[in-house]
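Asks: If you scroll down you'll find the structure; I have some questions about it.
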Amino acid sequence: PHFSCDGSVDAWVVTYVSPFFGLDSLRTKLEFRGVTTVDVPLNRLEINQCANNFTLANAFKNTARCDYFSTTCVPQPGFPFLRGSYRCLCKLGFEYPHADGKFWIEGSLLELEYEKKIAGIFSRFDMLKCRVSQGTTRQSSYLSLIFFVIISMIVTAAK
């Protein structure tokens with residue numbers, strides 16, 4: 001990326017360059033004819049930091065700071081060329097640990113806390129992950145036991 005201030009586009013841009021070739025005058029050999037360039041303003045590009053297939057051409061893939069053991073990364077559209085434009089959603093069996101009305105961890109917060117951690121400043125980065133769900137495992141096992149007892153009593157009474 002570079003800042004283009006040529007008058008037509010005064011912004012940060014990425015320049016894509018592609019050569020083109022053609023046949024020589026005898027039409028026997030392929031020769032270099034020139035280069036085509038296209039400037040794309042960065043404020044029109046959205047980056048996807050979430051994990052993707054290795055065959056997908058994306059310079060930013062797999063750079064999200066989500067804890068992939070407990071969360072799943074989901075891109076958040078509408079934030080052009082900003083790091084952290086993703087959400088970390090809790091996987092099945094995990095839950096969001098804070099009672100603030102959300103059920104995901106913001107990527108922008110993770111990016112900020114990671115920078116603090118790298119700089120040696122106090123950071124909450126290692127705490128920003130989903131915890132193991134405090135589900136109703138005992139209740140479900142009690143319900144299973146009661147259900148089993150009732151079915152056993154019905155089967156015994158039917159004999």
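By order of appearance in the structure tokens: chains A, B, ..., then residues from 1 within every chain, and ligands from 1 in the order shown.
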Can you list, as a PyMOL selection string, every protein, DNA or RNA residue that comes within 6 Å of range 65-82 of chain A when you count only C-alpha atoms, leaving out same-chain residues fewer than 3 positions away?

Replies: chain A and resi 43-47+50+85-91+130

Asks: Just write the chosen residues, all heavy atoms, as a short mmCIF file (atom, residue, chain, number, x, y, z; two decimals), in the first residue's frame.

Replies:
```cif
data_model
loop_
_atom_site.label_atom_id
_atom_site.label_comp_id
_atom_site.auth_asym_id
_atom_site.auth_seq_id
_atom_site.Cartn_x
_atom_site.Cartn_y
_atom_site.Cartn_z
N ASN A 43 -9.88 2.08 1.25
CA ASN A 43 -11.15 2.24 1.96
C ASN A 43 -12.31 1.55 1.25
O ASN A 43 -13.43 1.58 1.71
CB ASN A 43 -11.47 3.71 2.20
CG ASN A 43 -11.63 4.49 0.91
OD1 ASN A 43 -11.46 3.95 -0.19
ND2 ASN A 43 -11.93 5.76 1.04
N ARG A 44 -12.05 0.91 0.11
CA ARG A 44 -13.07 0.13 -0.59
C ARG A 44 -12.88 -1.37 -0.42
O ARG A 44 -13.67 -2.15 -0.90
CB ARG A 44 -13.08 0.47 -2.07
CG ARG A 44 -13.49 1.89 -2.30
CD ARG A 44 -13.67 2.16 -3.74
NE ARG A 44 -14.04 3.55 -3.91
CZ ARG A 44 -14.97 3.95 -4.73
NH1 ARG A 44 -15.62 3.08 -5.44
NH2 ARG A 44 -15.24 5.21 -4.83
N LEU A 45 -11.79 -1.77 0.23
CA LEU A 45 -11.51 -3.19 0.43
C LEU A 45 -11.88 -3.61 1.84
O LEU A 45 -11.63 -2.88 2.80
CB LEU A 45 -10.02 -3.48 0.20
CG LEU A 45 -9.47 -3.24 -1.19
CD1 LEU A 45 -7.97 -3.49 -1.17
CD2 LEU A 45 -10.14 -4.16 -2.18
N GLU A 46 -12.45 -4.78 1.97
CA GLU A 46 -12.70 -5.36 3.28
C GLU A 46 -11.75 -6.54 3.44
O GLU A 46 -11.62 -7.34 2.52
CB GLU A 46 -14.14 -5.82 3.42
CG GLU A 46 -15.12 -4.68 3.48
CD GLU A 46 -16.53 -5.14 3.79
OE1 GLU A 46 -16.76 -6.34 4.02
OE2 GLU A 46 -17.41 -4.28 3.81
N ILE A 47 -11.10 -6.62 4.59
CA ILE A 47 -10.18 -7.74 4.80
C ILE A 47 -10.87 -8.81 5.64
O ILE A 47 -11.70 -8.51 6.48
CB ILE A 47 -8.86 -7.28 5.46
CG1 ILE A 47 -9.10 -6.66 6.83
CG2 ILE A 47 -8.14 -6.30 4.57
CD1 ILE A 47 -7.82 -6.33 7.58
N CYS A 50 -10.26 -14.19 9.19
CA CYS A 50 -10.64 -15.51 9.69
C CYS A 50 -9.92 -16.61 8.92
O CYS A 50 -9.42 -16.40 7.82
CB CYS A 50 -12.14 -15.69 9.58
SG CYS A 50 -13.07 -14.56 10.64
N SER A 85 -12.07 -6.61 12.19
CA SER A 85 -13.46 -6.59 11.71
C SER A 85 -13.98 -8.03 11.62
O SER A 85 -14.34 -8.52 10.56
CB SER A 85 -13.58 -5.87 10.38
OG SER A 85 -12.75 -6.45 9.41
N TYR A 86 -13.98 -8.69 12.77
CA TYR A 86 -14.49 -10.05 12.89
C TYR A 86 -15.05 -10.25 14.29
O TYR A 86 -14.80 -9.43 15.18
CB TYR A 86 -13.40 -11.09 12.59
CG TYR A 86 -12.18 -10.99 13.47
CD1 TYR A 86 -12.10 -11.66 14.69
CD2 TYR A 86 -11.09 -10.22 13.09
CE1 TYR A 86 -10.99 -11.57 15.48
CE2 TYR A 86 -9.97 -10.12 13.87
CZ TYR A 86 -9.92 -10.79 15.08
OH TYR A 86 -8.81 -10.69 15.87
N ARG A 87 -15.79 -11.31 14.47
CA ARG A 87 -16.33 -11.69 15.78
C ARG A 87 -15.90 -13.11 16.08
O ARG A 87 -15.82 -13.94 15.18
CB ARG A 87 -17.85 -11.62 15.79
CG ARG A 87 -18.40 -10.25 15.67
CD ARG A 87 -19.91 -10.28 15.66
NE ARG A 87 -20.43 -8.92 15.69
CZ ARG A 87 -21.68 -8.61 15.62
NH1 ARG A 87 -22.58 -9.58 15.50
NH2 ARG A 87 -22.07 -7.37 15.66
N CYS A 88 -15.66 -13.38 17.33
CA CYS A 88 -15.34 -14.73 17.78
C CYS A 88 -16.58 -15.27 18.50
O CYS A 88 -16.89 -14.85 19.62
CB CYS A 88 -14.14 -14.73 18.71
SG CYS A 88 -12.67 -14.00 17.97
N LEU A 89 -17.30 -16.15 17.83
CA LEU A 89 -18.53 -16.73 18.40
C LEU A 89 -18.18 -17.98 19.19
O LEU A 89 -17.36 -18.80 18.75
CB LEU A 89 -19.51 -17.09 17.29
CG LEU A 89 -19.98 -15.96 16.39
CD1 LEU A 89 -20.89 -16.50 15.30
CD2 LEU A 89 -20.70 -14.90 17.19
N CYS A 90 -18.80 -18.15 20.33
CA CYS A 90 -18.55 -19.32 21.17
C CYS A 90 -19.06 -20.58 20.49
O CYS A 90 -20.15 -20.60 19.94
CB CYS A 90 -19.24 -19.16 22.52
SG CYS A 90 -18.61 -17.76 23.47
N LYS A 91 -18.24 -21.61 20.54
CA LYS A 91 -18.62 -22.90 19.97
C LYS A 91 -19.61 -23.60 20.89
O LYS A 91 -19.77 -23.22 22.06
CB LYS A 91 -17.39 -23.79 19.81
CG LYS A 91 -16.47 -23.38 18.70
CD LYS A 91 -15.32 -24.37 18.58
CE LYS A 91 -14.40 -24.02 17.44
NZ LYS A 91 -13.28 -24.96 17.35
N CYS A 130 -14.04 -17.92 25.35
CA CYS A 130 -15.27 -18.48 25.91
C CYS A 130 -14.93 -19.57 26.92
O CYS A 130 -13.96 -20.31 26.74
CB CYS A 130 -16.14 -19.05 24.79
SG CYS A 130 -16.72 -17.79 23.65
#
```

Asks: At a cut-off of 8 Å, using only C-alpha atoms, what residues contact range 131-135 of chain A? Leave out same-chain residues fewer than 4 positions from it and give the result as a ChimeraX atom specification.

Replies: /A:70,93-97

Asks: Would you put the residues from that selection into a file with C-alpha atoms, as a CSV table (one decimal), in the first residue's frame?

Replies:
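Result written to selection16.csv:
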```csv
chain,number,residue,atom,x,y,z
A,70,SER,CA,-13.5,-22.3,22.2
A,93,GLY,CA,-20.3,-26.5,24.7
A,94,PHE,CA,-18.8,-23.0,25.5
A,95,GLU,CA,-20.4,-19.8,26.7
A,96,TYR,CA,-19.6,-16.1,26.6
A,97,PRO,CA,-18.3,-15.3,30.1
```

Asks: List the neighbours of Arg124 in chain A out to 12 Å using only C-alpha atoms; skip same-chain residues closer than 4 positions along the sequence, and give me the result as a PDB file with N, CA and C atoms, in the first residue's frame.

Replies:
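Output (around-v7.pdb):
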```
ATOM      1  N   LEU A 109     -11.454  -5.584  19.869  1.00  0.00           N
ATOM      2  CA  LEU A 109     -10.980  -5.647  21.251  1.00  0.00           C
ATOM      3  C   LEU A 109      -9.815  -6.619  21.378  1.00  0.00           C
ATOM      4  N   LEU A 110      -9.919  -7.757  20.725  1.00  0.00           N
ATOM      5  CA  LEU A 110      -8.816  -8.726  20.751  1.00  0.00           C
ATOM      6  C   LEU A 110      -7.538  -8.138  20.164  1.00  0.00           C
ATOM      7  N   GLU A 111      -7.655  -7.417  19.048  1.00  0.00           N
ATOM      8  CA  GLU A 111      -6.483  -6.810  18.416  1.00  0.00           C
ATOM      9  C   GLU A 111      -5.831  -5.789  19.353  1.00  0.00           C
ATOM     10  N   LEU A 112      -6.642  -4.965  20.007  1.00  0.00           N
ATOM     11  CA  LEU A 112      -6.123  -3.960  20.934  1.00  0.00           C
ATOM     12  C   LEU A 112      -5.423  -4.610  22.125  1.00  0.00           C
ATOM     13  N   GLU A 113      -6.061  -5.609  22.710  1.00  0.00           N
ATOM     14  CA  GLU A 113      -5.478  -6.285  23.874  1.00  0.00           C
ATOM     15  C   GLU A 113      -4.221  -7.065  23.493  1.00  0.00           C
ATOM     16  N   TYR A 114      -4.163  -7.596  22.283  1.00  0.00           N
ATOM     17  CA  TYR A 114      -2.964  -8.310  21.829  1.00  0.00           C
ATOM     18  C   TYR A 114      -1.793  -7.338  21.690  1.00  0.00           C
ATOM     19  N   GLU A 115      -2.048  -6.144  21.148  1.00  0.00           N
ATOM     20  CA  GLU A 115      -0.981  -5.137  21.047  1.00  0.00           C
ATOM     21  C   GLU A 115      -0.454  -4.761  22.428  1.00  0.00           C
ATOM     22  N   LYS A 116      -1.353  -4.638  23.412  1.00  0.00           N
ATOM     23  CA  LYS A 116      -0.922  -4.340  24.779  1.00  0.00           C
ATOM     24  C   LYS A 116      -0.052  -5.462  25.324  1.00  0.00           C
ATOM     25  N   LYS A 117      -0.459  -6.693  25.081  1.00  0.00           N
ATOM     26  CA  LYS A 117       0.306  -7.853  25.569  1.00  0.00           C
ATOM     27  C   LYS A 117       1.706  -7.873  24.971  1.00  0.00           C
ATOM     28  N   ILE A 118       1.812  -7.624  23.673  1.00  0.00           N
ATOM     29  CA  ILE A 118       3.108  -7.613  22.999  1.00  0.00           C
ATOM     30  C   ILE A 118       3.986  -6.485  23.537  1.00  0.00           C
ATOM     31  N   GLY A 120       4.006  -5.401  26.513  1.00  0.00           N
ATOM     32  CA  GLY A 120       4.325  -5.622  27.922  1.00  0.00           C
ATOM     33  C   GLY A 120       3.442  -4.846  28.875  1.00  0.00           C
ATOM     34  N   LEU A 128      -9.845 -13.259  27.212  1.00  0.00           N
ATOM     35  CA  LEU A 128     -10.902 -13.044  26.226  1.00  0.00           C
ATOM     36  C   LEU A 128     -11.122 -14.302  25.405  1.00  0.00           C
ATOM     37  N   LYS A 129     -11.734 -15.267  26.018  1.00  0.00           N
ATOM     38  CA  LYS A 129     -12.113 -16.505  25.346  1.00  0.00           C
ATOM     39  C   LYS A 129     -13.377 -17.030  26.009  1.00  0.00           C
TER      40      LYS A 129
END
```

Asks: Apply DSSP to the structure's backbone, then extract all residues of chain A labelled strand (DSSP E) and return them as number ranges by chain.

Replies: A: 2-5, 10-23, 30-41, 71-75, 86-90, 94-95, 104-106, 131-132

Asks: Which residues come within 10 Å of Ser4 in chain A, counting only C-alpha atoms, excluding same-chain residues fewer than 2 positions away, as a ChimeraX atom specification?

Replies: /A:1-2,6-15,39,41

Asks: Assign secondary structure with DSSP using the backbone only, and return the residues of range 108-156 of chain A in alpha helix (DSSP H) as a PyMOL selection string.

Replies: chain A and resi 108-119+137-156

Asks: Have a look at A:Leu23, A:Ile154, A:Val17, A:Ala57 and name the one nearest to Thr37 in chain A; count only C-alpha atoms.

Replies: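 Residue with the minimum atom-to-atom distance to Thr37 in chain A: A:Val17.
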
Asks: Would you compute the distance between CA of Lys61 in chain A and CA of Arg83 in chain A? Give it in Å to one decimal.

Replies: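 Value for the CA of Lys61 in chain A-CA of Arg83 in chain A distance: 11.5 Å.
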
Asks: CA of Phe103 in chain A and CA of Met127 in chain A are how many Å apart?

Replies: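 It comes out at 15.1 Å.
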
Asks: Would you work out the distance separating CA of Asp24 in chain A from CA of Val38 in chain A, expressed in Å to one decimal?

Replies: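 We find that CA of Asp24 in chain A and CA of Val38 in chain A lie 25.9 Å from each other.
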